[in-house]
Structures are given as C-alpha cells and as structure tokens.
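Quick look at run-v6.pdb (PDB, C-alpha atoms and all ligand atoms):
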```
ATOM      1  CA  MET A   1     -13.287   3.181 -30.481  1.00  0.00           C
ATOM      2  CA  SER A   2     -11.056   6.147 -29.938  1.00  0.00           C
ATOM      3  CA  ARG A   3      -9.125   6.798 -26.782  1.00  0.00           C
ATOM      4  CA  ASN A   4     -11.165   9.977 -26.173  1.00  0.00           C
ATOM      5  CA  VAL A   5     -14.410   8.136 -25.629  1.00  0.00           C
ATOM      6  CA  SER A   6     -12.988   5.824 -23.021  1.00  0.00           C
ATOM      7  CA  ASP A   7     -11.314   8.800 -21.334  1.00  0.00           C
ATOM      8  CA  SER A   8     -14.580  10.683 -21.284  1.00  0.00           C
ATOM      9  CA  LEU A   9     -16.114   7.821 -19.303  1.00  0.00           C
ATOM     10  CA  GLY A  10     -13.495   8.312 -16.653  1.00  0.00           C
ATOM     11  CA  ILE A  11     -13.896   4.756 -15.366  1.00  0.00           C
ATOM     12  CA  GLY A  12     -11.011   3.204 -17.209  1.00  0.00           C
ATOM     13  CA  GLU A  13     -12.840   0.864 -19.586  1.00  0.00           C
ATOM     14  CA  SER A  14     -13.312   1.277 -23.289  1.00  0.00           C
ATOM     15  CA  ALA A  15     -16.740   2.377 -24.434  1.00  0.00           C
ATOM     16  CA  ASP A  16     -16.981  -0.740 -26.638  1.00  0.00           C
ATOM     17  CA  VAL A  17     -16.733  -2.945 -23.600  1.00  0.00           C
ATOM     18  CA  LEU A  18     -19.078  -0.723 -21.620  1.00  0.00           C
ATOM     19  CA  LEU A  19     -21.806  -0.830 -24.241  1.00  0.00           C
ATOM     20  CA  GLN A  20     -21.696  -4.521 -24.954  1.00  0.00           C
ATOM     21  CA  THR A  21     -21.106  -6.450 -21.788  1.00  0.00           C
ATOM     22  CA  PRO A  22     -22.307  -6.489 -18.202  1.00  0.00           C
ATOM     23  CA  LEU A  23     -19.601  -4.871 -16.133  1.00  0.00           C
ATOM     24  CA  SER A  24     -17.828  -5.821 -12.990  1.00  0.00           C
ATOM     25  CA  ARG A  25     -18.399  -2.499 -11.315  1.00  0.00           C
ATOM     26  CA  ARG A  26     -17.222  -2.214  -7.771  1.00  0.00           C
ATOM     27  CA  ALA A  27     -19.132   0.858  -6.539  1.00  0.00           C
ATOM     28  CA  LYS A  28     -22.326  -0.125  -4.715  1.00  0.00           C
ATOM     29  CA  VAL A  29     -24.335   2.443  -6.683  1.00  0.00           C
ATOM     30  CA  TRP A  30     -24.119   0.458  -9.919  1.00  0.00           C
ATOM     31  CA  LYS A  31     -26.848  -1.956  -8.827  1.00  0.00           C
ATOM     32  CA  TYR A  32     -29.375   0.901  -9.108  1.00  0.00           C
ATOM     33  CA  TYR A  33     -28.622   1.229 -12.824  1.00  0.00           C
ATOM     34  CA  ASP A  34     -29.148  -0.992 -15.862  1.00  0.00           C
ATOM     35  CA  PRO A  35     -26.121  -3.156 -16.607  1.00  0.00           C
ATOM     36  CA  ASP A  36     -26.093  -2.006 -20.244  1.00  0.00           C
ATOM     37  CA  LEU A  37     -25.260   1.531 -21.254  1.00  0.00           C
ATOM     38  CA  VAL A  38     -27.062   3.415 -24.037  1.00  0.00           C
ATOM     39  CA  GLU A  39     -25.471   5.793 -26.465  1.00  0.00           C
ATOM     40  CA  VAL A  40     -26.962   9.280 -26.750  1.00  0.00           C
ATOM     41  CA  ASP A  41     -25.338  11.575 -29.325  1.00  0.00           C
ATOM     42  CA  ASN A  42     -22.258   9.345 -29.285  1.00  0.00           C
ATOM     43  CA  VAL A  43     -21.993   9.651 -25.525  1.00  0.00           C
ATOM     44  CA  PRO A  44     -22.452   6.446 -23.481  1.00  0.00           C
ATOM     45  CA  LYS A  45     -24.991   6.944 -20.731  1.00  0.00           C
ATOM     46  CA  VAL A  46     -26.133   5.011 -17.706  1.00  0.00           C
ATOM     47  CA  VAL A  47     -29.873   4.340 -17.292  1.00  0.00           C
ATOM     48  CA  CYS A  48     -31.576   4.581 -13.886  1.00  0.00           C
ATOM     49  CA  LYS A  49     -33.563   1.383 -13.178  1.00  0.00           C
ATOM     50  CA  TYR A  50     -36.330   3.365 -11.466  1.00  0.00           C
ATOM     51  CA  CYS A  51     -36.998   6.513 -13.515  1.00  0.00           C
ATOM     52  CA  SER A  52     -35.126   5.587 -16.715  1.00  0.00           C
ATOM     53  CA  MET A  53     -33.225   8.842 -16.650  1.00  0.00           C
ATOM     54  CA  LYS A  54     -30.029   8.695 -18.681  1.00  0.00           C
ATOM     55  CA  LEU A  55     -26.949   9.985 -16.935  1.00  0.00           C
ATOM     56  CA  ALA A  56     -23.395  10.524 -18.041  1.00  0.00           C
ATOM     57  CA  CYS A  57     -20.748   9.203 -15.695  1.00  0.00           C
ATOM     58  CA  LYS A  58     -17.891  11.243 -17.046  1.00  0.00           C
ATOM     59  CA  TYR A  59     -16.195  11.892 -13.714  1.00  0.00           C
ATOM     60  CA  GLY A  60     -16.688   8.633 -11.839  1.00  0.00           C
ATOM     61  CA  THR A  61     -19.803   7.614  -9.977  1.00  0.00           C
ATOM     62  CA  SER A  62     -20.668  10.726  -7.932  1.00  0.00           C
ATOM     63  CA  SER A  63     -23.427  11.823 -10.349  1.00  0.00           C
ATOM     64  CA  LEU A  64     -24.950   8.333 -10.084  1.00  0.00           C
ATOM     65  CA  ARG A  65     -24.854   8.489  -6.286  1.00  0.00           C
ATOM     66  CA  ASN A  66     -26.368  11.972  -6.240  1.00  0.00           C
ATOM     67  CA  HIS A  67     -29.222  10.903  -8.493  1.00  0.00           C
ATOM     68  CA  ILE A  68     -30.258   8.001  -6.240  1.00  0.00           C
ATOM     69  CA  GLY A  69     -29.417   9.797  -2.998  1.00  0.00           C
ATOM     70  CA  GLU A  70     -31.071  13.121  -3.826  1.00  0.00           C
ATOM     71  CA  SER A  71     -33.084  13.523  -6.968  1.00  0.00           C
ATOM     72  CA  CYS A  72     -34.547  10.324  -8.475  1.00  0.00           C
ATOM     73  CA  PRO A  73     -38.309  11.088  -8.604  1.00  0.00           C
ATOM     74  CA  LYS A  74     -39.338   7.396  -8.434  1.00  0.00           C
ATOM     75  CA  ILE A  75     -37.608   6.629  -5.147  1.00  0.00           C
ATOM     76  CA  ASP A  76     -39.385   7.076  -1.799  1.00  0.00           C
ATOM     77  CA  ASP A  77     -37.762   8.425   1.354  1.00  0.00           C
ATOM     78  CA  ASP A  78     -37.353   5.046   3.064  1.00  0.00           C
ATOM     79  CA  PHE A  79     -35.571   3.589   0.070  1.00  0.00           C
ATOM     80  CA  ARG A  80     -33.419   6.721  -0.281  1.00  0.00           C
ATOM     81  CA  ASN A  81     -32.373   6.624   3.383  1.00  0.00           C
ATOM     82  CA  ARG A  82     -31.418   2.960   3.146  1.00  0.00           C
ATOM     83  CA  PHE A  83     -29.288   3.761   0.107  1.00  0.00           C
ATOM     84  CA  LEU A  84     -27.629   6.683   1.882  1.00  0.00           C
ATOM     85  CA  ALA A  85     -26.862   4.432   4.865  1.00  0.00           C
ATOM     86  CA  THR A  86     -25.047   1.936   2.615  1.00  0.00           C
ATOM     87  CA  ILE A  87     -22.700   4.572   1.223  1.00  0.00           C
ATOM     88  CA  LYS A  88     -21.907   6.238   4.565  1.00  0.00           C
ATOM     89  CA  LYS A  89     -18.273   6.302   5.569  1.00  0.00           C
ATOM     90  CA  LYS A  90     -17.009   3.751   8.068  1.00  0.00           C
ATOM     91  CA  PRO A  91     -16.786   5.039  11.674  1.00  0.00           C
ATOM     92  CA  SER A  92     -12.986   4.977  11.421  1.00  0.00           C
ATOM     93  CA  ASP A  93     -13.106   7.460   8.517  1.00  0.00           C
ATOM     94  CA  VAL A  94     -15.130   9.969  10.506  1.00  0.00           C
ATOM     95  CA  GLY A  95     -13.156  12.375  12.670  1.00  0.00           C
ATOM     96  CA  PHE A  96      -9.843  11.470  11.051  1.00  0.00           C
ATOM     97  CA  VAL A  97      -6.980  13.519  12.455  1.00  0.00           C
ATOM     98  CA  PHE A  98      -3.806  13.806  10.433  1.00  0.00           C
ATOM     99  CA  ASP A  99      -0.704  12.904  12.436  1.00  0.00           C
ATOM    100  CA  PRO A 100       2.525  13.788  10.579  1.00  0.00           C
ATOM    101  CA  GLN A 101       4.590  11.533  12.858  1.00  0.00           C
ATOM    102  CA  ILE A 102       2.483   8.457  12.030  1.00  0.00           C
ATOM    103  CA  SER A 103       2.587   9.331   8.327  1.00  0.00           C
ATOM    104  CA  ARG A 104       6.351   9.615   8.473  1.00  0.00           C
ATOM    105  CA  GLN A 105       6.691   6.214  10.177  1.00  0.00           C
ATOM    106  CA  LEU A 106       4.396   4.615   7.610  1.00  0.00           C
ATOM    107  CA  MET A 107       6.361   6.246   4.794  1.00  0.00           C
ATOM    108  CA  ILE A 108       9.594   4.718   6.181  1.00  0.00           C
ATOM    109  CA  LYS A 109       7.909   1.326   6.537  1.00  0.00           C
ATOM    110  CA  TYR A 110       6.855   1.536   2.881  1.00  0.00           C
ATOM    111  CA  CYS A 111      10.313   2.718   1.816  1.00  0.00           C
ATOM    112  CA  ILE A 112      12.001  -0.280   3.469  1.00  0.00           C
ATOM    113  CA  HIS A 113       9.458  -2.850   2.332  1.00  0.00           C
ATOM    114  CA  ALA A 114       9.251  -1.609  -1.269  1.00  0.00           C
ATOM    115  CA  LYS A 115      13.032  -1.047  -1.421  1.00  0.00           C
ATOM    116  CA  VAL A 116      12.604   2.563  -2.513  1.00  0.00           C
ATOM    117  CA  ALA A 117      15.923   4.343  -3.096  1.00  0.00           C
ATOM    118  CA  PHE A 118      16.429   7.246  -0.659  1.00  0.00           C
ATOM    119  CA  ARG A 119      16.989   9.729  -3.488  1.00  0.00           C
ATOM    120  CA  LYS A 120      13.469   9.084  -4.806  1.00  0.00           C
ATOM    121  CA  PHE A 121      12.186  11.170  -1.896  1.00  0.00           C
ATOM    122  CA  GLU A 122      13.816  14.228  -3.458  1.00  0.00           C
ATOM    123  CA  ASP A 123      11.940  13.821  -6.726  1.00  0.00           C
ATOM    124  CA  PRO A 124      10.046  17.116  -7.253  1.00  0.00           C
ATOM    125  CA  TYR A 125       6.922  15.257  -8.388  1.00  0.00           C
ATOM    126  CA  PHE A 126       6.867  13.213  -5.197  1.00  0.00           C
ATOM    127  CA  GLU A 127       6.683  16.393  -3.129  1.00  0.00           C
ATOM    128  CA  GLU A 128       3.979  17.770  -5.427  1.00  0.00           C
ATOM    129  CA  TRP A 129       1.990  14.555  -5.018  1.00  0.00           C
ATOM    130  CA  MET A 130       2.236  14.639  -1.219  1.00  0.00           C
ATOM    131  CA  ASP A 131       1.333  18.334  -1.237  1.00  0.00           C
ATOM    132  CA  SER A 132      -1.828  17.586  -3.172  1.00  0.00           C
ATOM    133  CA  MET A 133      -2.992  15.196  -0.437  1.00  0.00           C
ATOM    134  CA  GLN A 134      -1.755  16.891   2.723  1.00  0.00           C
ATOM    135  CA  PRO A 135      -0.030  20.276   2.335  1.00  0.00           C
ATOM    136  CA  THR A 136       1.017  20.338   5.999  1.00  0.00           C
ATOM    137  CA  PHE A 137       3.061  17.141   5.561  1.00  0.00           C
ATOM    138  CA  LYS A 138       6.690  18.112   5.038  1.00  0.00           C
ATOM    139  CA  VAL A 139       8.461  15.709   2.723  1.00  0.00           C
ATOM    140  CA  ILE A 140      11.790  14.810   4.327  1.00  0.00           C
ATOM    141  CA  GLN A 141      15.115  14.795   2.516  1.00  0.00           C
ATOM    142  CA  ARG A 142      16.996  11.636   1.634  1.00  0.00           C
ATOM    143  CA  HIS A 143      19.472  11.916   4.538  1.00  0.00           C
ATOM    144  CA  THR A 144      16.592  12.064   7.004  1.00  0.00           C
ATOM    145  CA  VAL A 145      14.859   9.139   5.294  1.00  0.00           C
ATOM    146  CA  ARG A 146      18.092   7.177   5.604  1.00  0.00           C
ATOM    147  CA  ASN A 147      18.457   8.079   9.304  1.00  0.00           C
ATOM    148  CA  ASP A 148      14.831   7.119   9.952  1.00  0.00           C
ATOM    149  CA  CYS A 149      15.415   3.760   8.244  1.00  0.00           C
ATOM    150  CA  VAL A 150      18.506   3.088  10.383  1.00  0.00           C
ATOM    151  CA  ASP A 151      16.560   4.070  13.538  1.00  0.00           C
ATOM    152  CA  THR A 152      13.771   1.675  12.558  1.00  0.00           C
ATOM    153  CA  TYR A 153      16.341  -1.072  11.991  1.00  0.00           C
ATOM    154  CA  GLU A 154      17.874  -0.478  15.437  1.00  0.00           C
ATOM    155  CA  GLN A 155      14.444  -0.519  17.106  1.00  0.00           C
ATOM    156  CA  MET A 156      13.526  -3.803  15.416  1.00  0.00           C
ATOM    157  CA  LYS A 157      16.871  -5.278  16.403  1.00  0.00           C
ATOM    158  CA  ASP A 158      16.232  -4.324  20.042  1.00  0.00           C
ATOM    159  CA  GLN A 159      12.778  -5.902  19.884  1.00  0.00           C
ATOM    160  CA  LEU A 160      14.273  -9.087  18.489  1.00  0.00           C
ATOM    161  CA  ARG A 161      16.932  -9.132  21.225  1.00  0.00           C
ATOM    162  CA  ILE A 162      14.179  -8.851  23.872  1.00  0.00           C
ATOM    163  CA  GLU A 163      12.261 -11.651  22.166  1.00  0.00           C
ATOM    164  CA  PHE A 164      15.334 -13.918  22.179  1.00  0.00           C
ATOM    165  CA  GLU A 165      16.010 -13.153  25.852  1.00  0.00           C
ATOM    166  CA  SER A 166      12.506 -14.198  26.856  1.00  0.00           C
ATOM    167  CA  LEU A 167      12.455 -17.292  24.661  1.00  0.00           C
ATOM    168  CA  ASP A 168      11.964 -20.752  26.204  1.00  0.00           C
ATOM    169  CA  SER A 169      12.741 -22.672  23.037  1.00  0.00           C
ATOM    170  CA  ARG A 170      16.070 -23.350  21.418  1.00  0.00           C
ATOM    171  CA  VAL A 171      17.229 -21.338  18.415  1.00  0.00           C
ATOM    172  CA  CYS A 172      18.583 -23.035  15.302  1.00  0.00           C
ATOM    173  CA  LEU A 173      20.837 -21.151  12.939  1.00  0.00           C
ATOM    174  CA  THR A 174      21.353 -21.580   9.221  1.00  0.00           C
ATOM    175  CA  SER A 175      23.825 -19.658   7.145  1.00  0.00           C
ATOM    176  CA  ASP A 176      24.182 -18.904   3.461  1.00  0.00           C
ATOM    177  CA  MET A 177      27.080 -17.460   1.554  1.00  0.00           C
ATOM    178  CA  TRP A 178      26.301 -14.814  -1.046  1.00  0.00           C
ATOM    179  CA  THR A 179      28.523 -13.206  -3.629  1.00  0.00           C
ATOM    180  CA  SER A 180      27.809  -9.647  -4.686  1.00  0.00           C
ATOM    181  CA  VAL A 181      28.279  -8.301  -8.233  1.00  0.00           C
ATOM    182  CA  GLN A 182      31.618  -6.887  -7.075  1.00  0.00           C
ATOM    183  CA  GLU A 183      32.654 -10.454  -6.144  1.00  0.00           C
ATOM    184  CA  LEU A 184      32.497  -9.692  -2.405  1.00  0.00           C
ATOM    185  CA  GLY A 185      31.429 -12.498  -0.098  1.00  0.00           C
ATOM    186  CA  TYR A 186      28.574 -12.010   2.358  1.00  0.00           C
ATOM    187  CA  MET A 187      27.193 -14.320   4.982  1.00  0.00           C
ATOM    188  CA  CYS A 188      23.523 -14.335   5.858  1.00  0.00           C
ATOM    189  CA  VAL A 189      22.571 -15.867   9.218  1.00  0.00           C
ATOM    190  CA  THR A 190      18.967 -16.879   9.855  1.00  0.00           C
ATOM    191  CA  ALA A 191      17.567 -17.831  13.275  1.00  0.00           C
ATOM    192  CA  HIS A 192      14.708 -20.368  13.414  1.00  0.00           C
ATOM    193  CA  TYR A 193      12.727 -20.811  16.611  1.00  0.00           C
ATOM    194  CA  ILE A 194       9.307 -21.490  18.089  1.00  0.00           C
ATOM    195  CA  ASP A 195       7.791 -18.572  19.990  1.00  0.00           C
ATOM    196  CA  GLY A 196       5.586 -18.594  23.110  1.00  0.00           C
ATOM    197  CA  ASN A 197       2.449 -19.069  20.959  1.00  0.00           C
ATOM    198  CA  PHE A 198       3.977 -22.097  19.255  1.00  0.00           C
ATOM    199  CA  ASN A 199       4.526 -20.265  15.971  1.00  0.00           C
ATOM    200  CA  LEU A 200       7.543 -21.261  13.914  1.00  0.00           C
ATOM    201  CA  LYS A 201       9.537 -18.105  13.237  1.00  0.00           C
ATOM    202  CA  LYS A 202      12.414 -17.267  10.952  1.00  0.00           C
ATOM    203  CA  LYS A 203      14.468 -14.067  11.236  1.00  0.00           C
ATOM    204  CA  VAL A 204      17.527 -12.906   9.359  1.00  0.00           C
ATOM    205  CA  ILE A 205      19.794 -11.800  12.195  1.00  0.00           C
ATOM    206  CA  SER A 206      22.900 -10.913  10.239  1.00  0.00           C
ATOM    207  CA  PHE A 207      24.051 -10.082   6.728  1.00  0.00           C
ATOM    208  CA  LYS A 208      27.749  -9.363   6.923  1.00  0.00           C
ATOM    209  CA  LYS A 209      30.747  -9.197   4.652  1.00  0.00           C
ATOM    210  CA  VAL A 210      33.196 -12.075   5.107  1.00  0.00           C
ATOM    211  CA  LYS A 211      36.863 -11.237   4.689  1.00  0.00           C
ATOM    212  CA  TYR A 212      38.739 -12.907   1.867  1.00  0.00           C
ATOM    213  CA  PRO A 213      39.785 -15.758   1.548  1.00  0.00           C
ATOM    214  CA  HIS A 214      36.560 -17.417   2.703  1.00  0.00           C
ATOM    215  CA  THR A 215      38.200 -20.073   4.820  1.00  0.00           C
ATOM    216  CA  SER A 216      36.421 -21.895   7.638  1.00  0.00           C
ATOM    217  CA  ALA A 217      38.242 -19.608  10.084  1.00  0.00           C
ATOM    218  CA  ALA A 218      36.879 -16.496   8.325  1.00  0.00           C
ATOM    219  CA  VAL A 219      33.352 -17.940   8.364  1.00  0.00           C
ATOM    220  CA  GLU A 220      33.673 -18.844  12.048  1.00  0.00           C
ATOM    221  CA  GLU A 221      34.897 -15.356  12.914  1.00  0.00           C
ATOM    222  CA  THR A 222      31.908 -13.733  11.142  1.00  0.00           C
ATOM    223  CA  LEU A 223      29.438 -16.088  12.799  1.00  0.00           C
ATOM    224  CA  CYS A 224      30.883 -15.468  16.283  1.00  0.00           C
ATOM    225  CA  LYS A 225      30.730 -11.705  15.695  1.00  0.00           C
ATOM    226  CA  CYS A 226      27.068 -12.051  14.762  1.00  0.00           C
ATOM    227  CA  LEU A 227      26.224 -14.141  17.844  1.00  0.00           C
ATOM    228  CA  ASN A 228      28.083 -11.833  20.223  1.00  0.00           C
ATOM    229  CA  GLU A 229      26.198  -8.891  18.798  1.00  0.00           C
TER
HETATM  230 ZN    ZN B   1     -33.900   7.605 -11.240  1.00  0.00          ZN
END
```
Written form, structure tokens:
Amino acid sequence: MSRNVSDSLGIGESADVLLQTPLSRRAKVWKYYDPDLVEVDNVPKVVCKYCSMKLACKYGTSSLRNHIGESCPKIDDDFRNRFLATIKKKPSDVGFVFDPQISRQLMIKYCIHAKVAFRKFEDPYFEEWMDSMQPTFKVIQRHTVRNDCVDTYEQMKDQLRIEFESLDSRVCLTSDMWTSVQELGYMCVTAHYIDGNFNLKKKVISFKKVKYPHTSAAVEETLCKCLNE
C-alpha cells in the first residue's frame, strides 16, 4: 500500500496492517469502535460499535472522541458522561502555569543528561520548535547554556559536600585511569558509601587530568588535590 494511505490515517501504521489485524491502540476511545477497519472508497474507516457509523480518523483520534462524547445517537447521557469522565485531564494538568525559570532548569538537566552539545541550542529549528510550544520562552544562547550547566555542577557539588559532612559511614574510594583520544591521561575518582537510609551510593567526585609521566607520585598528587577539594 502506498505511503499516502498510511499518512492519511495519521496514526503511523500502514493501512494494510490497520485493515487486517486487531490493533494495539493506546487511546481509551478505541474500545468504543470495532477492532477492524472497513474501506470506503479506498479510505479506511473506523466503525462505531453502537451506531455503526463509519468515521475517518485522518487527524488522530479527536473525531472518534467527539462522536462518542457528543453525537453518537445510540448512546444515553449516563454512558456519555462516564465516557467524558474517563478522558478528562488529570488534576495536575488543569490550571497549569508556565514558569520560564523551571523550564530553563529542566532544559539544562536534559542537556547534561543527554549530552547535548551547547551549540545545538543555537540551531534555528530548535528555536522555531520551542516557539511553537511556548512563544514566551526565550531560547538561551550557547554561552548561557554553558554557564547554567557549570552553575548546576557547582550546586550539585555543594550538595554532595554537605552530604559527606553529615555522613556517619566511612567512604571508600576507587580510581580509574583513562586515556583520551589525544593520549592525555585522566583519573576518575569514585566515592562509595552508605547513606543515612542504608542505601549504597556511588558518586564520581573527580575527573582530572594527570600530568605526564603517570608515576605513582603524579597519581598521588592528583588524588590528594581531589580529596582536599
Ligand atoms: Zn456511534
């Protein structure tokens, strides 16, 4: 089947698959419709279980929801209200207030976790994408993203310092030597400890360049620097 037909369905599955097999459809509204589609004038349609009306679902499931929630002639008010209650938004979605500061923090969190290069934030399509969701959100430039990431790093380091200060348990250290593609040596120091809730924790507390040659004295110097810090 051609690409156009599956595109016209707008639900990302080929019409062949849609017509032949029961679907794993996630939207709750699907259970009010027959699992098999019918083809009317070469257009796959969804059949209402109650009134047998055939509906196209070209742009997602909103037409299917509207039919059950508003216009299906075979559905009584009680049934309709129960259906409408199931598709209501969660309380947390109601009264949502956009907070640019929170969005910015979450964006930085994502950037660090997904290892997104700072320059990607200056991609014109990124700004366009953000604009389409929240035009009042100002996309920050790469230097600001970098500064925000460093600030976040410093804050987390402070938190970790406070955690270590208040710790009753001992801390064990392990270290690993790494060599970069430029043949530079780095030492990674990991602290292992048990926190107040008896959870075993593991934190990388240092990732520093070790001066060449990597003698035991050089390793010791880097480790002491890390512990003093
Ligand atoms: Zn109906």
Exercise. What do you get as number ranges by chain if you pick all residues at most 10 Å from ligand ZN 1 (chain B), counting only C-alpha atoms and all ligand atoms?
Worked result: A: 32-33, 47-55, 64, 67-75
For this session: List, as a PyMOL selection string, every residue that the PyMOL selection byres (((chain A and resi 118) around 7) and not hetatm) selects in the file provided.
Result: chain A and resi 116-117+119-121+142+145-146
Go ahead and save the residues from that selection, with C-alpha atoms, as a compact mmCIF listing (two decimals), in the coordinates of the input.
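Writing done, so here's part-v5.txt:
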```txt
# COMPACT_ATOMS: atom_id res chain seq x y z
CA VAL A 116 12.60 2.56 -2.51
CA ALA A 117 15.92 4.34 -3.10
CA ARG A 119 16.99 9.73 -3.49
CA LYS A 120 13.47 9.08 -4.81
CA PHE A 121 12.19 11.17 -1.90
CA ARG A 142 17.00 11.64 1.63
CA VAL A 145 14.86 9.14 5.29
CA ARG A 146 18.09 7.18 5.60
```
Taking every listed atom of range 177-187 of chain A and adding 3 Å to each side, what centre and edge lengths in Å (one decimal) does the axis-aligned box have, as lines of an AutoDock Vina configuration file?
```
center_x = 29.5
center_y = -12.2
center_z = -1.6
size_x = 12.4
size_y = 16.6
size_z = 19.2
```
For this session: Could you tell me which of A:Thr86, A:Ser169, A:Ser132, A:Asn147 comes closest to Leu200 in chain A if we count all atoms listed in the file?
Result: A:Ser169
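Evaluated on this file, the PyMOL selection byres (((chain A and resi 226) around 9) and not hetatm) matches Val189, Ile205, Ser206, Phe207, Lys208, Glu221, Thr222, Leu223, Cys224, Lys225, Leu227, Asn228 and Glu229 of chain A.
We find CA of Cys188 in chain A and CA of Ser175 in chain A to be spaced 5.5 Å apart.
As for CA of Ile102 in chain A and CA of Lys202 in chain A, they are spaced 27.6 Å apart.
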For this session: Could you expand the PyMOL selection byres (((chain A and resi 162-167) around 10) and not hetatm) into the explicit residues it covers here, written as a list of chain:residue names?
Result: A:Met156, A:Lys157, A:Asp158, A:Gln159, A:Leu160, A:Arg161, A:Asp168, A:Ser169, A:Arg170, A:Val171, A:Ala191, A:Tyr193, A:Ile194, A:Asp195, A:Gly196
Restrict the selected residues to C-alpha atoms and save them as a tab-separated table (two decimals), in the coordinates of the input.
```tsv
chain	number	residue	atom	x	y	z
A	156	MET	CA	13.53	-3.80	15.42
A	157	LYS	CA	16.87	-5.28	16.40
A	158	ASP	CA	16.23	-4.32	20.04
A	159	GLN	CA	12.78	-5.90	19.88
A	160	LEU	CA	14.27	-9.09	18.49
A	161	ARG	CA	16.93	-9.13	21.22
A	168	ASP	CA	11.96	-20.75	26.20
A	169	SER	CA	12.74	-22.67	23.04
A	170	ARG	CA	16.07	-23.35	21.42
A	171	VAL	CA	17.23	-21.34	18.42
A	191	ALA	CA	17.57	-17.83	13.28
A	193	TYR	CA	12.73	-20.81	16.61
A	194	ILE	CA	9.31	-21.49	18.09
A	195	ASP	CA	7.79	-18.57	19.99
A	196	GLY	CA	5.59	-18.59	23.11
```
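Coordinates place CA of Arg80 in chain A at a distance of 27.9 Å from CA of Val43 in chain A.
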